[in-house]
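Asker: Following this line is query_27.tsv, made up of TSV, C-alpha atoms:
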chain	number	residue	atom	x	y	z
A	1	MET	CA	0.00	0.00	0.00
A	2	SER	CA	1.81	3.08	-1.20
A	3	ILE	CA	1.20	6.70	-0.40
A	4	THR	CA	0.22	7.46	-4.01
A	5	SER	CA	-2.62	4.98	-4.06
A	6	LEU	CA	-3.89	6.33	-0.70
A	7	LEU	CA	-3.80	9.84	-2.16
A	8	LEU	CA	-5.65	8.57	-5.21
A	9	VAL	CA	-8.33	6.96	-3.04
A	10	SER	CA	-8.80	10.13	-1.04
A	11	PHE	CA	-8.86	12.40	-4.09
A	12	ALA	CA	-11.35	10.16	-5.84
A	13	ALA	CA	-13.55	10.11	-2.74
A	14	VAL	CA	-13.52	13.90	-2.41
A	15	ALA	CA	-13.98	14.81	-6.08
A	16	ALA	CA	-14.69	12.06	-8.60
A	17	GLU	CA	-17.01	10.03	-6.38
A	18	ASN	CA	-18.27	12.91	-4.29
A	19	LEU	CA	-20.93	11.60	-1.91
A	20	VAL	CA	-23.50	14.28	-2.63
A	21	PHE	CA	-22.99	15.06	-6.29
A	22	THR	CA	-22.33	11.63	-7.74
A	23	GLN	CA	-23.71	9.10	-5.23
A	24	PHE	CA	-26.63	11.17	-3.90
A	25	LEU	CA	-25.76	10.12	-0.37
A	26	GLY	CA	-26.72	12.67	2.26
A	27	VAL	CA	-28.77	14.87	-0.06
A	28	CYS	CA	-31.35	15.69	2.65
A	29	PRO	CA	-28.85	16.96	5.26
A	30	PHE	CA	-26.89	18.60	2.44
A	31	LEU	CA	-29.93	20.69	1.50
A	32	THR	CA	-30.78	21.55	5.12
A	33	VAL	CA	-27.34	22.54	6.39
A	34	SER	CA	-26.15	24.48	3.36
A	35	ASN	CA	-28.32	27.48	4.23
A	36	ARG	CA	-25.34	29.12	6.00
A	37	PRO	CA	-21.62	28.52	5.45
A	38	SER	CA	-21.11	28.17	9.21
A	39	ALA	CA	-23.85	25.54	9.47
A	40	ALA	CA	-22.33	23.69	6.52
A	41	LEU	CA	-18.94	23.71	8.21
A	42	TYR	CA	-20.19	22.52	11.61
A	43	ALA	CA	-22.32	19.78	10.07
A	44	GLY	CA	-19.31	18.82	7.95
A	45	ILE	CA	-17.15	18.50	11.07
A	46	THR	CA	-19.65	16.21	12.79
A	47	VAL	CA	-20.09	14.08	9.66
A	48	THR	CA	-16.31	13.81	9.27
A	49	CYS	CA	-15.73	12.74	12.89
A	50	THR	CA	-18.52	10.18	12.80
A	51	THR	CA	-17.65	8.71	9.41
A	52	THR	CA	-13.93	8.40	10.15
A	53	LEU	CA	-14.48	6.76	13.53
A	54	SER	CA	-17.22	4.48	12.30
A	55	SER	CA	-15.14	3.45	9.24
A	56	PHE	CA	-12.48	2.24	11.67
A	57	ILE	CA	-14.87	0.47	14.04
A	58	THR	CA	-17.12	-1.10	11.40
A	59	TRP	CA	-14.13	-2.40	9.41
A	60	LEU	CA	-12.89	-4.21	12.52
A	61	LEU	CA	-16.41	-5.45	13.34
A	62	TYR	CA	-16.98	-6.72	9.79
A	63	HIS	CA	-13.68	-8.49	9.35
A	64	PHE	CA	-13.23	-9.89	12.87
A	65	VAL	CA	-16.81	-10.57	13.98
A	66	LEU	CA	-19.34	-10.62	11.15
A	67	GLU	CA	-17.27	-12.45	8.54
A	68	PRO	CA	-15.64	-15.17	10.70
A	69	PHE	CA	-19.00	-16.09	12.24
A	70	SER	CA	-20.79	-15.79	8.84
A	71	LEU	CA	-23.13	-13.13	10.17
A	72	THR	CA	-22.72	-10.82	7.18
A	73	TYR	CA	-26.50	-10.65	6.75
A	74	LEU	CA	-26.52	-8.53	9.91
A	75	THR	CA	-24.21	-5.92	8.36
A	76	THR	CA	-26.80	-3.14	7.99
A	77	VAL	CA	-28.28	-3.63	11.46
A	78	VAL	CA	-24.87	-3.78	13.16
A	79	PHE	CA	-23.54	-0.76	11.24
A	80	ILE	CA	-26.58	1.37	12.05
A	81	THR	CA	-26.39	0.43	15.71
A	82	THR	CA	-22.67	1.25	15.71
A	83	ILE	CA	-23.30	4.67	14.20
A	84	ALA	CA	-26.09	5.40	16.69
A	85	LEU	CA	-23.94	4.37	19.67
A	86	LEU	CA	-20.96	6.28	18.32
A	87	VAL	CA	-23.03	9.44	17.87
A	88	GLN	CA	-24.28	9.09	21.45
A	89	GLY	CA	-20.76	8.50	22.75
A	90	VAL	CA	-19.18	11.38	20.86
A	91	THR	CA	-21.97	13.72	21.98
A	92	LEU	CA	-21.45	12.76	25.64
A	93	LEU	CA	-17.65	13.11	25.37
A	94	LEU	CA	-17.93	16.52	23.73
A	95	LYS	CA	-20.39	17.69	26.37
A	96	LYS	CA	-17.95	16.72	29.14
A	97	LEU	CA	-14.66	17.76	27.54
A	98	LEU	CA	-15.39	20.64	25.16
A	99	PRO	CA	-18.72	22.22	26.20
A	100	ALA	CA	-18.13	25.23	23.93
A	101	LEU	CA	-17.78	23.06	20.85
A	102	TYR	CA	-20.72	20.94	22.01
A	103	THR	CA	-23.09	23.91	22.01
A	104	LEU	CA	-22.01	24.70	18.45
A	105	LEU	CA	-22.38	21.18	17.12
A	106	SER	CA	-25.16	19.67	19.23
A	107	ALA	CA	-27.90	20.56	16.76
A	108	TYR	CA	-26.24	18.53	13.99
A	109	PHE	CA	-25.62	15.25	15.80
A	110	PRO	CA	-29.19	13.87	15.86
A	111	LEU	CA	-29.26	14.24	12.05
A	112	LEU	CA	-26.40	11.80	11.74
A	113	THR	CA	-28.04	8.60	12.90
A	114	THR	CA	-30.35	8.38	9.91
A	115	ASN	CA	-27.88	10.05	7.58
A	116	CYS	CA	-27.29	7.94	4.52
A	117	ALA	CA	-23.94	9.68	3.92
A	118	VAL	CA	-22.38	7.96	6.93
A	119	LEU	CA	-23.92	4.53	6.39
A	120	GLY	CA	-23.31	4.76	2.63
A	121	ALA	CA	-19.63	5.56	3.06
A	122	ILE	CA	-18.98	2.69	5.46
A	123	LEU	CA	-20.95	0.24	3.32
A	124	LEU	CA	-18.90	1.32	0.28
A	125	ASN	CA	-15.75	0.58	2.32
A	126	ILE	CA	-16.88	-3.01	2.65
A	127	TYR	CA	-18.16	-3.37	-0.94
A	128	ASP	CA	-14.92	-1.99	-2.40
A	129	GLY	CA	-12.88	-4.44	-0.31
A	130	PHE	CA	-10.61	-1.83	1.26
A	131	ASN	CA	-8.09	-2.68	3.96
A	132	LEU	CA	-8.23	-0.95	7.34
A	133	LEU	CA	-6.04	2.02	6.42
A	134	GLU	CA	-7.79	2.56	3.08
A	135	SER	CA	-11.17	2.34	4.81
A	136	VAL	CA	-10.31	5.05	7.29
A	137	VAL	CA	-8.81	7.25	4.56
A	138	PHE	CA	-11.84	6.65	2.33
A	139	GLY	CA	-14.32	7.35	5.14
A	140	PHE	CA	-12.47	10.52	6.12
A	141	SER	CA	-12.17	11.82	2.56
A	142	SER	CA	-15.77	10.96	1.64
A	143	ALA	CA	-16.90	13.05	4.58
A	144	ILE	CA	-14.53	15.84	3.52
A	145	GLY	CA	-16.21	15.56	0.11
A	146	PHE	CA	-19.58	16.07	1.81
A	147	THR	CA	-18.21	19.11	3.67
A	148	VAL	CA	-16.71	20.61	0.51
A	149	ALA	CA	-19.98	20.10	-1.37
A	150	ALA	CA	-22.02	21.68	1.45
A	151	LEU	CA	-19.61	24.64	1.72
A	152	ILE	CA	-19.61	25.27	-2.04
A	153	PHE	CA	-23.38	25.04	-2.11
A	154	ALA	CA	-23.74	27.36	0.89
A	155	GLY	CA	-21.73	29.89	-1.11
A	156	ILE	CA	-24.00	29.44	-4.12
A	157	ARG	CA	-27.08	29.86	-1.92
A	158	GLU	CA	-25.79	33.15	-0.53
A	159	ARG	CA	-25.80	34.41	-4.13
A	160	LEU	CA	-29.18	32.87	-4.94
A	161	VAL	CA	-30.80	35.16	-2.37
A	162	PHE	CA	-30.20	38.07	-4.73
A	163	SER	CA	-31.70	36.36	-7.76
A	164	ALA	CA	-35.30	36.71	-8.88
A	165	PRO	CA	-36.42	33.27	-10.09
A	166	PRO	CA	-39.83	32.59	-11.68
A	167	LYS	CA	-42.45	32.19	-8.99
A	168	SER	CA	-42.86	28.44	-9.40
A	169	PHE	CA	-39.09	27.89	-9.05
A	170	GLU	CA	-38.82	29.64	-5.68
A	171	GLY	CA	-37.46	27.54	-2.86
A	172	LEU	CA	-36.41	23.96	-3.38
A	173	PRO	CA	-36.78	23.69	-7.21
A	174	LEU	CA	-34.21	26.44	-7.64
A	175	LEU	CA	-31.88	24.71	-5.16
A	176	LEU	CA	-32.18	21.39	-6.98
A	177	VAL	CA	-31.47	22.96	-10.36
A	178	SER	CA	-28.42	24.74	-8.90
A	179	ALA	CA	-27.28	21.48	-7.35
A	180	GLY	CA	-27.66	19.89	-10.77
A	181	LEU	CA	-25.34	22.47	-12.31
A	182	ALA	CA	-22.84	21.99	-9.45
A	183	ALA	CA	-23.02	18.24	-10.09
A	184	MET	CA	-22.08	18.92	-13.70
A	185	ALA	CA	-18.89	20.58	-12.48
A	186	PHE	CA	-18.09	17.54	-10.35
A	187	ALA	CA	-18.76	15.26	-13.34
A	188	GLY	CA	-15.58	16.78	-14.79
A	189	PHE	CA	-13.60	14.64	-12.33
A	190	SER	CA	-15.26	11.43	-13.46
A	191	GLY	CA	-12.17	10.13	-15.27
A	192	ILE	CA	-10.57	9.34	-11.94
A	193	THR	CA	-11.68	6.04	-10.46
A	194	ILE	CA	-10.83	4.24	-7.25
A	195	GLY	CA	-8.57	1.22	-7.55
B	1	MET	CA	-64.36	4.44	4.98
B	2	ARG	CA	-63.78	8.20	4.97
B	3	ARG	CA	-60.66	7.71	7.05
B	4	ILE	CA	-59.26	5.21	4.54
B	5	LYS	CA	-59.90	7.66	1.74
B	6	GLU	CA	-58.18	10.38	3.75
B	7	ILE	CA	-55.11	8.21	4.40
B	8	PHE	CA	-54.78	7.40	0.71
B	9	SER	CA	-55.27	10.95	-0.54
B	10	ASN	CA	-52.67	12.08	2.03
B	11	GLY	CA	-50.10	9.51	0.96
B	12	LEU	CA	-50.58	9.83	-2.77
B	13	ILE	CA	-51.28	13.52	-3.29
B	14	LYS	CA	-51.72	15.88	-0.35
B	15	HIS	CA	-48.63	14.77	1.56
B	16	ASN	CA	-46.80	12.98	-1.24
B	17	PRO	CA	-43.44	12.07	0.35
B	18	ILE	CA	-41.32	13.33	-2.54
B	19	PHE	CA	-43.21	16.20	-4.12
B	20	VAL	CA	-44.77	17.73	-0.99
B	21	MET	CA	-42.90	16.56	2.11
B	22	LEU	CA	-39.54	16.35	0.32
B	23	ILE	CA	-38.19	13.40	2.28
B	24	GLY	CA	-36.38	10.36	0.97
B	25	LEU	CA	-34.71	12.29	-1.81
B	26	CYS	CA	-31.53	10.19	-1.96
B	27	PRO	CA	-33.02	7.07	-3.64
B	28	THR	CA	-35.28	9.26	-5.80
B	29	LEU	CA	-32.25	10.90	-7.33
B	30	ALA	CA	-29.91	7.93	-7.30
B	31	VAL	CA	-31.67	4.94	-8.81
B	32	THR	CA	-34.05	6.60	-11.28
B	33	THR	CA	-31.84	6.30	-14.38
B	34	CYS	CA	-34.61	4.17	-15.88
B	35	ALA	CA	-38.27	3.61	-15.13
B	36	VAL	CA	-37.85	-0.04	-14.11
B	37	ASN	CA	-35.33	0.86	-11.41
B	38	GLY	CA	-37.68	3.55	-10.11
B	39	VAL	CA	-40.55	1.05	-9.83
B	40	SER	CA	-38.45	-1.64	-8.16
B	41	MET	CA	-36.90	0.77	-5.64
B	42	GLY	CA	-40.39	2.13	-4.91
B	43	ILE	CA	-41.82	-1.34	-4.31
B	44	ALA	CA	-38.88	-2.41	-2.13
B	45	THR	CA	-39.38	0.69	0.01
B	46	LEU	CA	-43.15	0.11	0.02
B	47	PHE	CA	-42.67	-3.34	1.56
B	48	VAL	CA	-40.34	-2.14	4.29
B	49	LEU	CA	-42.66	0.77	5.00
B	50	ILE	CA	-45.80	-1.38	5.34
B	51	ILE	CA	-44.16	-3.97	7.58
B	52	SER	CA	-42.24	-1.53	9.77
B	53	ASN	CA	-45.28	0.73	10.17
B	54	SER	CA	-47.50	-2.16	11.31
B	55	VAL	CA	-44.89	-3.70	13.61
B	56	ILE	CA	-43.98	-0.38	15.21
B	57	SER	CA	-47.65	0.40	15.70
B	58	LEU	CA	-48.08	-2.96	17.46
B	59	LEU	CA	-44.98	-2.53	19.61
B	60	CYS	CA	-45.12	1.16	20.41
B	61	LYS	CA	-46.90	0.55	23.74
B	62	PHE	CA	-44.01	-1.59	24.93
B	63	ILE	CA	-41.16	0.64	23.76
B	64	PRO	CA	-40.18	3.26	26.34
B	65	SER	CA	-40.20	6.65	24.67
B	66	ARG	CA	-36.60	7.38	25.68
B	67	ILE	CA	-35.17	4.60	23.53
B	68	ARG	CA	-37.80	4.78	20.80
B	69	VAL	CA	-35.48	6.24	18.15
B	70	GLY	CA	-32.98	3.43	18.55
B	71	ALA	CA	-35.70	0.79	18.64
B	72	TYR	CA	-37.36	2.09	15.47
B	73	ILE	CA	-34.04	2.24	13.64
B	74	ILE	CA	-33.22	-1.36	14.51
B	75	ILE	CA	-36.71	-2.57	13.52
B	76	ILE	CA	-36.51	-0.73	10.19
B	77	ALA	CA	-32.96	-1.93	9.53
B	78	GLY	CA	-34.04	-5.50	10.22
B	79	PHE	CA	-36.83	-5.41	7.67
B	80	SER	CA	-34.75	-3.63	5.05
B	81	THR	CA	-32.13	-6.37	5.46
B	82	ALA	CA	-34.89	-8.94	4.89
B	83	VAL	CA	-35.94	-7.18	1.68
B	84	ASP	CA	-32.30	-6.95	0.60
B	85	LEU	CA	-31.79	-10.69	1.09
B	86	LEU	CA	-35.08	-11.56	-0.66
B	87	LEU	CA	-34.09	-9.43	-3.65
B	88	GLN	CA	-30.64	-11.04	-3.78
B	89	ALA	CA	-32.22	-14.49	-3.71
B	90	TYR	CA	-35.17	-14.11	-6.07
B	91	LEU	CA	-34.49	-11.03	-8.24
B	92	PRO	CA	-30.69	-10.81	-8.55
B	93	THR	CA	-30.87	-8.48	-11.57
B	94	VAL	CA	-32.93	-5.95	-9.62
B	95	SER	CA	-30.63	-6.32	-6.64
B	96	ASN	CA	-27.59	-5.65	-8.85
B	97	ALA	CA	-29.21	-2.64	-10.51
B	98	LEU	CA	-30.12	-1.01	-7.19
B	99	GLY	CA	-26.88	-2.03	-5.46
B	100	LEU	CA	-25.94	-0.02	-2.42
B	101	TYR	CA	-29.33	1.68	-2.25
B	102	VAL	CA	-31.20	-1.44	-1.08
B	103	PRO	CA	-29.46	-1.66	2.34
B	104	LEU	CA	-29.75	2.14	2.47
B	105	ILE	CA	-33.56	1.80	2.61
B	106	ALA	CA	-32.84	1.39	6.32
B	107	VAL	CA	-31.88	5.05	6.61
B	108	ASN	CA	-34.58	6.39	4.28
B	109	CYS	CA	-35.95	9.34	6.23
B	110	LEU	CA	-39.45	8.61	4.89
B	111	ILE	CA	-39.74	5.32	6.78
B	112	PHE	CA	-38.50	6.76	10.05
B	113	ALA	CA	-40.72	9.83	9.65
B	114	ARG	CA	-43.85	7.69	9.16
B	115	ALA	CA	-42.92	5.48	12.11
B	116	ASP	CA	-42.53	8.47	14.38
B	117	ALA	CA	-45.33	10.67	13.03
B	118	PHE	CA	-48.03	8.09	12.26
B	119	ALA	CA	-47.40	4.50	13.35
B	120	SER	CA	-46.50	5.37	16.96
B	121	LYS	CA	-49.81	7.21	17.40
B	122	ASN	CA	-52.28	5.09	15.41
B	123	ALA	CA	-53.81	1.61	15.36
B	124	PRO	CA	-51.99	-1.19	13.47
B	125	LEU	CA	-54.50	-1.36	10.61
B	126	ALA	CA	-54.46	2.39	10.01
B	127	SER	CA	-50.65	2.32	10.15
B	128	LEU	CA	-50.54	-0.50	7.62
B	129	LEU	CA	-52.77	1.49	5.26
B	130	ASP	CA	-50.68	4.61	5.83
B	131	GLY	CA	-47.57	2.63	4.93
B	132	LEU	CA	-49.30	1.37	1.78
B	133	ALA	CA	-50.49	4.85	0.77
B	134	MET	CA	-47.16	6.56	1.48
B	135	GLY	CA	-45.29	3.75	-0.25
B	136	LEU	CA	-47.52	4.03	-3.32
B	137	GLY	CA	-47.01	7.81	-3.37
B	138	PHE	CA	-43.26	7.24	-3.14
B	139	THR	CA	-43.35	4.60	-5.91
B	140	ALA	CA	-45.42	6.86	-8.16
B	141	ALA	CA	-42.95	9.71	-7.70
B	142	LEU	CA	-39.93	7.48	-8.38
B	143	THR	CA	-41.60	6.01	-11.45
B	144	LEU	CA	-42.42	9.46	-12.81
B	145	VAL	CA	-38.83	10.67	-12.36
B	146	GLY	CA	-37.56	7.39	-13.85
B	147	ILE	CA	-39.81	7.63	-16.90
B	148	ILE	CA	-38.77	11.21	-17.63
B	149	ARG	CA	-35.05	10.51	-17.20
B	150	GLU	CA	-35.19	7.35	-19.31
B	151	LEU	CA	-37.26	9.05	-22.03
B	152	ILE	CA	-34.90	11.99	-22.41
B	153	GLY	CA	-31.67	10.22	-21.47
B	154	SER	CA	-31.96	7.12	-23.62
B	155	GLY	CA	-35.11	7.65	-25.69
B	156	SER	CA	-37.02	4.69	-24.31
B	157	VAL	CA	-39.71	3.91	-21.73
B	158	PHE	CA	-39.52	0.76	-19.56
B	159	GLY	CA	-36.79	-0.50	-21.92
B	160	ILE	CA	-38.97	-0.14	-25.05
B	161	ASP	CA	-37.08	1.95	-27.55
B	162	LEU	CA	-39.09	4.93	-28.86
B	163	PHE	CA	-36.71	7.36	-30.49
B	164	GLY	CA	-33.38	6.37	-28.91
B	165	ARG	CA	-31.75	5.85	-32.29
B	166	TYR	CA	-32.35	9.42	-33.39
B	167	PHE	CA	-32.24	11.46	-30.22
B	168	SER	CA	-31.06	11.10	-26.65
B	169	LEU	CA	-29.44	13.37	-24.06
B	170	PRO	CA	-27.25	11.09	-21.91
B	171	VAL	CA	-26.72	13.95	-19.46
B	172	PHE	CA	-30.13	13.02	-18.04
B	173	LEU	CA	-28.69	9.67	-16.98
B	174	MET	CA	-25.98	11.48	-15.05
B	175	PRO	CA	-26.38	13.04	-11.57
B	176	THR	CA	-26.98	16.45	-13.17
B	177	GLY	CA	-30.05	15.10	-14.95
B	178	ALA	CA	-31.44	13.70	-11.71
B	179	PHE	CA	-31.24	17.06	-9.92
B	180	LEU	CA	-32.61	18.92	-12.95
B	181	THR	CA	-35.55	16.55	-13.48
B	182	LEU	CA	-36.62	16.69	-9.84
B	183	GLY	CA	-36.14	20.47	-9.75
B	184	PHE	CA	-38.32	21.01	-12.80
B	185	LEU	CA	-40.97	18.56	-11.56
B	186	LEU	CA	-41.17	20.34	-8.20
B	187	ALA	CA	-41.48	23.69	-9.99
B	188	LEU	CA	-44.31	22.23	-12.07
B	189	PHE	CA	-46.14	21.02	-8.96
B	190	GLN	CA	-45.67	24.38	-7.25
B	191	LYS	CA	-47.21	26.02	-10.30
B	192	ILE	CA	-50.17	23.63	-10.30
B	193	ARG	CA	-50.73	24.19	-6.56
B	194	ALA	CA	-50.58	27.96	-6.98
B	195	ALA	CA	-53.05	27.76	-9.88
B	196	ASN	CA	-55.41	25.58	-7.81
B	197	LYS	CA	-55.27	28.01	-4.91
B	198	LYS	CA	-56.06	30.91	-7.20
B	199	HIS	CA	-58.89	28.93	-8.73
B	200	ALA	CA	-60.34	28.09	-5.30
B	201	LYS	CA	-60.12	31.72	-4.21
B	202	GLY	CA	-61.82	32.86	-7.43
B	203	GLY	CA	-64.59	30.35	-6.80
B	204	ASP	CA	-65.14	31.67	-3.26
B	205	SER	CA	-65.43	35.30	-4.28
B	206	ARG	CA	-67.98	34.56	-6.95
Will you turn the file into structure tokens for me?
Answerer:
Amino acid sequence: MSITSLLLVSFAAVAAENLVFTQFLGVCPFLTVSNRPSAALYAGITVTCTTTLSSFITWLLYHFVLEPFSLTYLTTVVFITTIALLVQGVTLLLKKLLPALYTLLSAYFPLLTTNCAVLGAILLNIYDGFNLLESVVFGFSSAIGFTVAALIFAGIRERLVFSAPPKSFEGLPLLLVSAGLAAMAFAGFSGITIG
Amino acid sequence: MRRIKEIFSNGLIKHNPIFVMLIGLCPTLAVTTCAVNGVSMGIATLFVLIISNSVISLLCKFIPSRIRVGAYIIIIAGFSTAVDLLLQAYLPTVSNALGLYVPLIAVNCLIFARADAFASKNAPLASLLDGLAMGLGFTAALTLVGIIRELIGSGSVFGIDLFGRYFSLPVFLMPTGAFLTLGFLLALFQKIRAANKKHAKGGDSR
């Protein structure tokens, strides 16, 4: 496992296989948190922490518990439970250790448990047959991809406020069309594939 | 009887999960590259929704409200795993086409939202019907998006070639096309709703 291939995995996860714009994972939270750049950033931080940690834990769980005991049919249930427990644990730790950060981020944690971005990224880890290091790197960079997408889109939305769309396009339709155009930009990276 | 009618009109039109409540957007955008995928994803979700709604409605008296979120998630994940395994066993082509998005039914916000908003407060039979109505509304929306994307993107409907040889815009099969199609559809529905409102107001004043 060389550094170049790790870099390739992480670049592909951020750009070419961006969670939001190419895999449609985490579209709902992406649309809710991109209303302000700060919200996008804070939500991105929580998604990144959770995905990185859960990539590590679920890889170990899958390869040392689920696979040896041929329990792979429980993958989804176990992964969801892991994410839920992890979110609870991280929230409690933050509350105790960094109360200032907790007050900033606390609103975004409940979103994570049913966030398909997190579950999607850790399921992709297993499907793509990554090793432990690759999994963690992939989980981390996928979440960074989510953060980048949300930040870019928050910037676009700040500009959209000043536009005067046709009445029937006001609100979500305009956002979806803008997201479509942003997705076209990300399609430019599609030559780069993982592996 | 009136209640049944109300549940169905809510699920299909008034509170259509995709076009009105705007939940469960991920699968709507992801799998709808052709109409068949839209239908199969819709039906898979419909099954999980019906079963989880009825089971949660039966169990909600025994689940303490403090751990209800966790309990619902595990129940839903269990049934979506069952659907995933059934698809792999009996319809492997569908399972391959939908891929990652079958296990992800477990985190579809629609299913959790119905469990929390309807099934935990209503009788099992009503919850079952609500699951059916919401699932049908979801399937209809996915099928509509799928038909439009397939028609423009590859010039066919349900795999039957119409004008694919002469004209197709493959960009509609790409993520961009998914966002654009849903955006334009939502705009269309907003326009229809606004027109209806105006119409109703006009009728009142007369």
Asker: Using only C-alpha atoms, which residues sit within 10 Å of B:Ile105 once same-chain residues fewer than 4 positions away are excluded, as a PyMOL selection string?
Answerer: (chain A and resi 76+116) or (chain B and resi 24+26-27+41+44-45+48-49+76-77+79-81+83-84+100-101+109-111)
Asker: What is the atom CA of A:Ser10-atom CA of A:Phe189 distance in Å, reported with one decimal?
Answerer: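 Distance reported for this atom pair: 13.1 Å.
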Asker: What is the atom CA of A:Pro173 to atom CA of A:Val33 distance in Å?
Answerer: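 Atom CA of A:Pro173 sits 16.6 Å away from atom CA of A:Val33.
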Asker: Using all atoms listed in the file, can you tell me which of A:Ile156, A:Cys49, A:Leu176, A:Leu71 comes closest to chain B?
Answerer: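 For chain B, the nearest of the candidates is A:Leu176.
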Asker: Identify the residues within 12 Å of coordinate (-24.4, 6.0, 18.1) (same frame as the file), considering only C-alpha atoms, and give the answer as a ChimeraX atom specification.
Answerer: /A:50-51,53-54,57,78-92,109-115,118-119 /B:69-70,73
Asker: Would you pick out the contacts of A:Phe169 at 12 Å or less, using all atoms listed in the file, so that residues sharing its chain but fewer than 3 positions from it are not included, and give the list as a PDB file with C-alpha atoms, keeping the file's coordinate frame?
Answerer:
ATOM      1  CA  LEU A 160     -29.180  32.870  -4.940  1.00  0.00           C
ATOM      2  CA  SER A 163     -31.700  36.360  -7.760  1.00  0.00           C
ATOM      3  CA  ALA A 164     -35.300  36.710  -8.880  1.00  0.00           C
ATOM      4  CA  PRO A 165     -36.420  33.270 -10.090  1.00  0.00           C
ATOM      5  CA  PRO A 166     -39.830  32.590 -11.680  1.00  0.00           C
ATOM      6  CA  LEU A 172     -36.410  23.960  -3.380  1.00  0.00           C
ATOM      7  CA  PRO A 173     -36.780  23.690  -7.210  1.00  0.00           C
ATOM      8  CA  LEU A 174     -34.210  26.440  -7.640  1.00  0.00           C
ATOM      9  CA  LEU A 175     -31.880  24.710  -5.160  1.00  0.00           C
ATOM     10  CA  LEU A 176     -32.180  21.390  -6.980  1.00  0.00           C
ATOM     11  CA  VAL A 177     -31.470  22.960 -10.360  1.00  0.00           C
ATOM     12  CA  SER A 178     -28.420  24.740  -8.900  1.00  0.00           C
TER      13      SER A 178
ATOM     14  CA  LEU B 180     -32.610  18.920 -12.950  1.00  0.00           C
ATOM     15  CA  LEU B 182     -36.620  16.690  -9.840  1.00  0.00           C
ATOM     16  CA  GLY B 183     -36.140  20.470  -9.750  1.00  0.00           C
ATOM     17  CA  PHE B 184     -38.320  21.010 -12.800  1.00  0.00           C
ATOM     18  CA  LEU B 185     -40.970  18.560 -11.560  1.00  0.00           C
ATOM     19  CA  LEU B 186     -41.170  20.340  -8.200  1.00  0.00           C
ATOM     20  CA  ALA B 187     -41.480  23.690  -9.990  1.00  0.00           C
ATOM     21  CA  LEU B 188     -44.310  22.230 -12.070  1.00  0.00           C
ATOM     22  CA  PHE B 189     -46.140  21.020  -8.960  1.00  0.00           C
ATOM     23  CA  GLN B 190     -45.670  24.380  -7.250  1.00  0.00           C
ATOM     24  CA  LYS B 191     -47.210  26.020 -10.300  1.00  0.00           C
ATOM     25  CA  ILE B 192     -50.170  23.630 -10.300  1.00  0.00           C
ATOM     26  CA  ALA B 194     -50.580  27.960  -6.980  1.00  0.00           C
TER      27      ALA B 194
END
Asker: When you count all atoms listed in the file, which of these residues is closest to chain B: A:Phe11, A:Tyr73, A:Tyr62, A:Phe153?
Answerer: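 So, comparing all the options, the nearest one is A:Tyr73.
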Asker: Please identify all polymer residues within 7 Å of B:Glu150, counting only C-alpha atoms, omitting same-chain residues fewer than 4 positions from it, and present them as a PyMOL selection string.
Answerer: chain B and resi 33-35+146+154-157
Asker: Using Å and a single decimal, report how far atom CA of A:Ala149 sits from atom CA of A:Leu19.
Answerer: 8.6 Å
Asker: Choose the residue, out of B:Leu151, B:Leu87, B:Ala115, B:Val171, that has the smallest atom-to-atom separation from chain A; count only C-alpha atoms.
Answerer: B:Val171
